[in-house]
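The structure file coords_30.csv is reproduced below (CSV, C-alpha atoms).
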chain,number,residue,atom,x,y,z
A,1,ARG,CA,120.0,-5.4,-20.1
A,2,THR,CA,122.5,-6.7,-22.5
A,3,LEU,CA,121.4,-9.7,-24.6
A,4,PRO,CA,123.8,-12.4,-25.6
A,5,LYS,CA,125.3,-12.0,-29.1
A,6,THR,CA,123.2,-14.9,-30.5
A,7,ALA,CA,119.9,-13.6,-29.1
A,8,SER,CA,120.7,-10.1,-30.4
A,9,MET,CA,121.3,-11.4,-34.0
A,10,LEU,CA,118.0,-13.5,-33.8
A,11,SER,CA,116.1,-10.4,-32.7
A,12,LEU,CA,117.4,-8.4,-35.6
A,13,SER,CA,116.5,-11.2,-38.0
A,14,LEU,CA,113.0,-11.5,-36.8
A,15,GLN,CA,112.5,-7.7,-36.8
A,16,SER,CA,113.5,-7.5,-40.5
A,17,THR,CA,110.9,-10.1,-41.4
A,18,SER,CA,108.1,-8.7,-39.3
A,19,PHE,CA,105.3,-6.3,-40.5
A,20,HIS,CA,105.6,-4.3,-37.4
A,21,GLY,CA,109.3,-3.6,-37.5
A,22,VAL,CA,111.0,-0.2,-37.5
A,23,ALA,CA,110.4,2.1,-40.4
A,24,SER,CA,112.8,1.5,-43.3
A,25,VAL,CA,113.7,3.3,-46.5
A,26,PRO,CA,111.4,2.3,-49.3
A,27,SER,CA,113.1,-0.2,-51.6
A,28,ARG,CA,113.9,0.8,-55.2
A,29,VAL,CA,113.9,-2.7,-56.4
A,30,GLN,CA,111.0,-3.5,-58.8
A,31,PRO,CA,108.4,-5.9,-57.2
A,32,THR,CA,108.9,-8.4,-60.0
A,33,MET,CA,112.6,-8.6,-59.3
A,34,LEU,CA,111.8,-9.7,-55.7
A,35,PHE,CA,110.3,-12.9,-57.1
A,36,GLY,CA,113.0,-13.6,-59.5
A,37,ALA,CA,111.2,-12.3,-62.6
A,38,LYS,CA,112.6,-9.9,-65.1
A,39,ALA,CA,111.4,-6.3,-65.0
A,40,SER,CA,109.2,-5.4,-68.0
A,41,ALA,CA,110.8,-3.4,-70.7
A,42,PRO,CA,109.4,0.1,-71.5
A,43,LYS,CA,106.7,0.0,-74.1
A,44,LYS,CA,108.1,0.8,-77.6
A,45,ALA,CA,106.5,3.8,-79.4
A,46,PRO,CA,104.6,2.8,-82.5
A,47,ALA,CA,106.2,3.5,-85.9
A,48,PHE,CA,105.2,6.6,-87.8
A,49,ALA,CA,101.7,6.1,-89.2
A,50,TYR,CA,101.9,2.6,-87.7
A,51,GLY,CA,104.3,1.6,-90.4
A,52,LEU,CA,102.1,2.3,-93.4
A,53,PRO,CA,103.8,3.0,-96.7
A,54,GLY,CA,104.2,6.6,-97.9
A,55,ASN,CA,106.8,7.7,-95.4
A,56,PHE,CA,109.7,7.4,-97.9
A,57,ASN,CA,111.7,10.4,-99.1
A,58,ALA,CA,112.3,9.8,-102.8
A,59,LEU,CA,115.1,12.4,-102.9
A,60,GLY,CA,117.1,11.4,-99.8
A,61,GLY,CA,116.0,7.8,-99.5
A,62,SER,CA,115.2,8.2,-95.8
A,63,GLU,CA,112.0,8.3,-93.7
A,64,LEU,CA,110.2,11.6,-93.7
A,65,ASN,CA,108.1,11.4,-90.5
A,66,TRP,CA,106.4,14.5,-91.9
A,67,ASP,CA,103.2,15.5,-90.0
A,68,PRO,CA,103.5,19.3,-89.5
A,69,ALA,CA,99.8,19.7,-88.6
A,70,GLY,CA,99.8,16.9,-86.1
A,71,PHE,CA,97.0,14.9,-87.6
A,72,LEU,CA,98.5,11.6,-86.3
A,73,GLU,CA,99.0,12.7,-82.7
A,74,GLY,CA,97.1,10.5,-80.3
A,75,LYS,CA,95.3,8.7,-83.1
A,76,SER,CA,94.6,4.9,-82.9
A,77,GLU,CA,95.7,2.6,-85.7
A,78,LEU,CA,92.2,2.3,-87.0
A,79,GLU,CA,91.9,6.1,-87.2
A,80,VAL,CA,95.2,6.4,-89.0
A,81,ASN,CA,94.0,3.7,-91.4
A,82,ARG,CA,90.9,5.7,-92.1
A,83,TYR,CA,93.1,8.7,-93.0
A,84,ARG,CA,95.1,6.6,-95.4
A,85,GLU,CA,92.0,5.2,-97.0
A,86,ALA,CA,90.8,8.8,-97.6
A,87,GLU,CA,94.2,9.7,-99.0
A,88,LEU,CA,94.3,6.8,-101.3
A,89,THR,CA,90.8,7.4,-102.6
A,90,HIS,CA,91.4,11.0,-103.3
A,91,GLY,CA,94.8,10.2,-104.8
A,92,ARG,CA,93.3,7.8,-107.2
A,93,VAL,CA,90.6,10.2,-108.2
A,94,GLY,CA,93.3,12.9,-108.5
A,95,MET,CA,95.4,10.8,-110.9
A,96,LEU,CA,92.3,10.2,-113.1
A,97,ALA,CA,91.4,13.9,-113.0
A,98,ALA,CA,94.8,15.1,-114.0
A,99,THR,CA,94.9,12.6,-116.8
A,100,GLY,CA,91.5,13.8,-117.9
A,101,PHE,CA,92.7,17.4,-118.0
A,102,LEU,CA,95.6,16.4,-120.2
A,103,VAL,CA,93.5,14.2,-122.6
A,104,GLN,CA,89.8,14.9,-122.7
A,105,GLU,CA,89.8,18.6,-123.4
A,106,ARG,CA,90.9,17.7,-126.9
A,107,PHE,CA,90.0,14.0,-127.3
A,108,HIS,CA,86.4,13.1,-126.2
A,109,PRO,CA,85.0,10.4,-128.5
A,110,LEU,CA,82.1,9.4,-126.2
A,111,PHE,CA,80.3,12.7,-126.7
A,112,SER,CA,80.4,15.7,-128.9
A,113,GLY,CA,81.9,18.4,-126.7
A,114,ASP,CA,82.5,22.0,-127.7
A,115,GLY,CA,86.1,22.0,-126.3
A,116,GLY,CA,87.4,24.6,-124.0
A,117,PRO,CA,87.9,24.4,-120.2
A,118,ALA,CA,86.6,21.2,-118.5
A,119,ILE,CA,84.5,23.2,-116.1
A,120,ASP,CA,82.6,24.6,-119.0
A,121,GLN,CA,82.1,21.2,-120.6
A,122,ILE,CA,80.6,19.5,-117.5
A,123,PRO,CA,77.1,21.2,-117.9
A,124,GLN,CA,77.1,20.2,-121.5
A,125,LEU,CA,77.5,16.5,-120.9
A,126,PRO,CA,74.7,14.3,-122.3
A,127,PHE,CA,72.1,13.1,-119.9
A,128,TRP,CA,72.9,9.4,-120.6
A,129,LEU,CA,76.5,10.0,-119.6
A,130,TRP,CA,75.4,11.3,-116.2
A,131,ILE,CA,73.3,8.2,-115.6
A,132,VAL,CA,76.3,5.9,-116.5
A,133,MET,CA,78.7,7.9,-114.3
A,134,THR,CA,76.3,7.8,-111.4
A,135,ILE,CA,75.7,4.1,-111.6
A,136,GLY,CA,79.4,3.4,-112.1
A,137,ILE,CA,80.6,5.6,-109.2
A,138,GLY,CA,77.8,4.3,-107.0
A,139,ASN,CA,78.6,0.7,-107.5
A,140,ALA,CA,82.3,1.3,-107.0
A,141,GLU,CA,81.6,3.1,-103.7
A,142,LEU,CA,79.2,0.3,-102.5
A,143,TYR,CA,81.8,-2.3,-103.2
A,144,ARG,CA,84.5,-0.3,-101.3
A,145,ILE,CA,82.1,0.1,-98.3
A,146,ARG,CA,81.2,-3.6,-98.4
A,147,VAL,CA,84.9,-4.7,-98.4
A,148,GLY,CA,86.5,-2.3,-96.0
A,149,TRP,CA,84.0,-0.5,-93.8
A,150,ALA,CA,82.7,-1.8,-90.5
A,151,LYS,CA,79.1,-2.9,-90.2
A,152,VAL,CA,76.6,-0.7,-88.4
A,153,ASP,CA,75.2,-1.9,-85.1
A,154,PRO,CA,71.4,-2.1,-85.6
A,155,LYS,CA,70.8,-1.2,-82.0
A,156,THR,CA,72.8,2.0,-81.9
A,157,GLY,CA,72.8,2.8,-85.5
A,158,LYS,CA,76.6,3.4,-85.4
A,159,ALA,CA,79.7,1.4,-86.2
A,160,PRO,CA,82.4,0.9,-83.5
A,161,SER,CA,84.9,2.2,-86.0
A,162,ALA,CA,84.9,3.5,-89.6
A,163,LEU,CA,87.0,0.6,-91.0
A,164,ARG,CA,87.1,-3.1,-90.3
A,165,PRO,CA,90.0,-4.0,-88.0
A,166,ASP,CA,91.3,-6.6,-90.5
A,167,TYR,CA,91.0,-4.3,-93.5
A,168,TYR,CA,94.2,-2.9,-95.1
A,169,PRO,CA,93.7,0.6,-96.5
A,170,GLY,CA,93.2,0.6,-100.2
A,171,TYR,CA,93.3,-3.1,-100.6
A,172,LEU,CA,90.0,-4.0,-102.4
A,173,ASN,CA,90.9,-7.3,-103.9
A,174,PHE,CA,90.6,-5.6,-107.3
A,175,ASP,CA,93.5,-6.4,-109.7
A,176,PRO,CA,92.1,-7.5,-113.0
A,177,LEU,CA,95.5,-7.0,-114.8
A,178,ASN,CA,97.4,-8.9,-112.1
A,179,LEU,CA,99.8,-6.0,-111.5
A,180,ALA,CA,100.4,-6.6,-107.8
A,181,PRO,CA,103.8,-8.2,-107.1
A,182,GLY,CA,103.9,-11.5,-105.4
A,183,ASN,CA,106.5,-10.6,-102.7
A,184,GLU,CA,106.1,-8.1,-99.9
A,185,LYS,CA,109.1,-6.0,-100.8
A,186,ASP,CA,108.0,-5.3,-104.3
A,187,LEU,CA,104.4,-4.8,-103.2
A,188,ARG,CA,105.5,-2.1,-100.7
A,189,LEU,CA,107.5,-0.4,-103.4
A,190,MET,CA,104.5,-0.3,-105.6
A,191,GLN,CA,102.4,1.1,-102.8
A,192,GLU,CA,105.0,3.8,-102.2
A,193,ARG,CA,104.8,4.7,-105.9
A,194,GLU,CA,101.0,4.8,-105.9
A,195,LEU,CA,101.0,7.2,-103.0
A,196,SER,CA,103.6,9.4,-104.6
A,197,HIS,CA,101.7,9.6,-107.9
A,198,GLY,CA,98.4,10.0,-106.1
A,199,ARG,CA,99.7,13.0,-104.1
A,200,LEU,CA,101.1,14.5,-107.2
A,201,GLY,CA,97.8,13.9,-109.0
A,202,MET,CA,95.8,15.7,-106.4
A,203,ILE,CA,98.1,18.7,-106.6
A,204,ALA,CA,98.1,18.6,-110.4
A,205,ALA,CA,94.3,18.4,-110.6
A,206,ALA,CA,93.9,21.3,-108.2
A,207,GLY,CA,96.4,23.3,-110.3
A,208,PHE,CA,94.4,22.6,-113.5
A,209,LEU,CA,91.2,23.7,-111.9
A,210,ALA,CA,92.7,26.9,-110.5
A,211,GLN,CA,94.4,27.8,-113.8
A,212,GLU,CA,91.3,27.3,-115.9
A,213,ALA,CA,89.1,29.1,-113.4
A,214,VAL,CA,91.4,32.1,-113.4
A,215,THR,CA,92.3,32.3,-117.1
A,216,GLY,CA,89.2,30.8,-118.7
A,217,GLN,CA,91.5,28.8,-121.0
A,218,THR,CA,92.6,25.2,-121.3
A,219,TRP,CA,96.1,24.4,-120.2
A,220,GLY,CA,97.2,24.0,-123.8
A,221,ALA,CA,95.8,27.4,-124.9
A,222,TYR,CA,97.2,29.1,-121.9
A,223,TRP,CA,100.7,27.8,-122.8
A,224,GLY,CA,100.5,28.9,-126.4
A,225,ASP,CA,98.7,26.2,-128.3
A,226,ALA,CA,95.3,27.6,-129.2
A,227,SER,CA,94.3,24.3,-130.9
A,228,PHE,CA,94.5,22.4,-127.6
Translate the structure described by the file into structure tokens.
Amino acid sequence: RTLPKTASMLSLSLQSTSFHGVASVPSRVQPTMLFGAKASAPKKAPAFAYGLPGNFNALGGSELNWDPAGFLEGKSELEVNRYREAELTHGRVGMLAATGFLVQERFHPLFSGDGGPAIDQIPQLPFWLWIVMTIGIGNAELYRIRVGWAKVDPKTGKAPSALRPDYYPGYLNFDPLNLAPGNEKDLRLMQERELSHGRLGMIAAAGFLAQEAVTGQTWGAYWGDASF
């Protein structure tokens, strides 16, 4: 039976709004667009190392994004901050160690050393100096833990993460000479410099140790100055 034109159009309209209508091709329109809202933009990938300083190429002036071993892959921001805290700590020690190799093998006014490679001088240090170093290093580490490290849950005996969520790696509120710049741009530049010098200091200290272990001579004597 042929329906009138008006009835046929009404039937098609009702069928299109019914849950039991004929099968149709799935819509490619996002659900949010059906209600007039904007489709959500794709989530932007985080910056390299979550934007921490140290990703600057001093030679080319561009970002390095250098992580050949994949240490940062799949790591959370807190975990990356923990890596940076370790790098800064070792870098600062490396700078002190490299400076010590350059200076203390010849100039050591606090105790009467015999000279020679630093690794041979360590067992000859006076007992009181070991006590002073232990107390000094212990207090420095306790202060760093108190400022930056997360508190341990007394029930589980563990902390939810190594560092506090609001702690910035390396920032210990310790600046007795007031060297930190007051603006963010200059502060980031100083952080870049500290990381660069710290990385160089670690490599230099390792080089001094290896050279003295292999040759049995101080760096000065090895390079021709027997008095150093």
**OP:** Within 8 Å of (89.5, -1.8, -92.1) (coordinates as in the file), grab all the protein and nucleic acid residues, counting all atoms listed in the file, and write them out as a PyMOL selection string.
**Re:** chain A and resi 78+81-82+148-150+162-169
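Residues with any atom within 9 Å of range 193-204 of chain A, counting all atoms listed in the file and excluding same-chain neighbours fewer than 2 positions away, are Pro53, Gly54, Ala58, Glu87, Leu88, Thr89, His90, Gly91, Arg92, Val93, Gly94, Met95, Leu96, Ala97, Ala98, Thr99, Arg188, Leu189, Met190, Gln191, Ala206, Gly207, Phe208 and Leu209 of chain A.
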Subject >> Distance of CA of Gln104 in chain A from CA of Asp175 in chain A, expressed in Å to one decimal place >> reply: 25.2 Å
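Nearest to Tyr222 in chain A of all the residues A:Gly51, A:Gly116, A:Pro109, A:Gly74 is A:Gly116, based on all atoms listed in the file.
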Original post:
When you draw a straight line from CA of Leu129 in chain A to CA of Ala213 in chain A, how long is it in Å?
Top reply: 23.7 Å
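Considering the residues A:Ile122, A:Leu72, A:Ala47, A:Leu172 and counting only C-alpha atoms, Val147 in chain A has its shortest atom-to-atom contact with A:Leu172.
What separates CA of Tyr143 in chain A from CA of Tyr171 in chain A is a distance of 11.8 Å.
Candidate residues A:Trp223, A:Trp66, A:Tyr83, A:Tyr50 were compared for distance to Gln211 in chain A, and the nearest is A:Trp223, using all atoms listed in the file.
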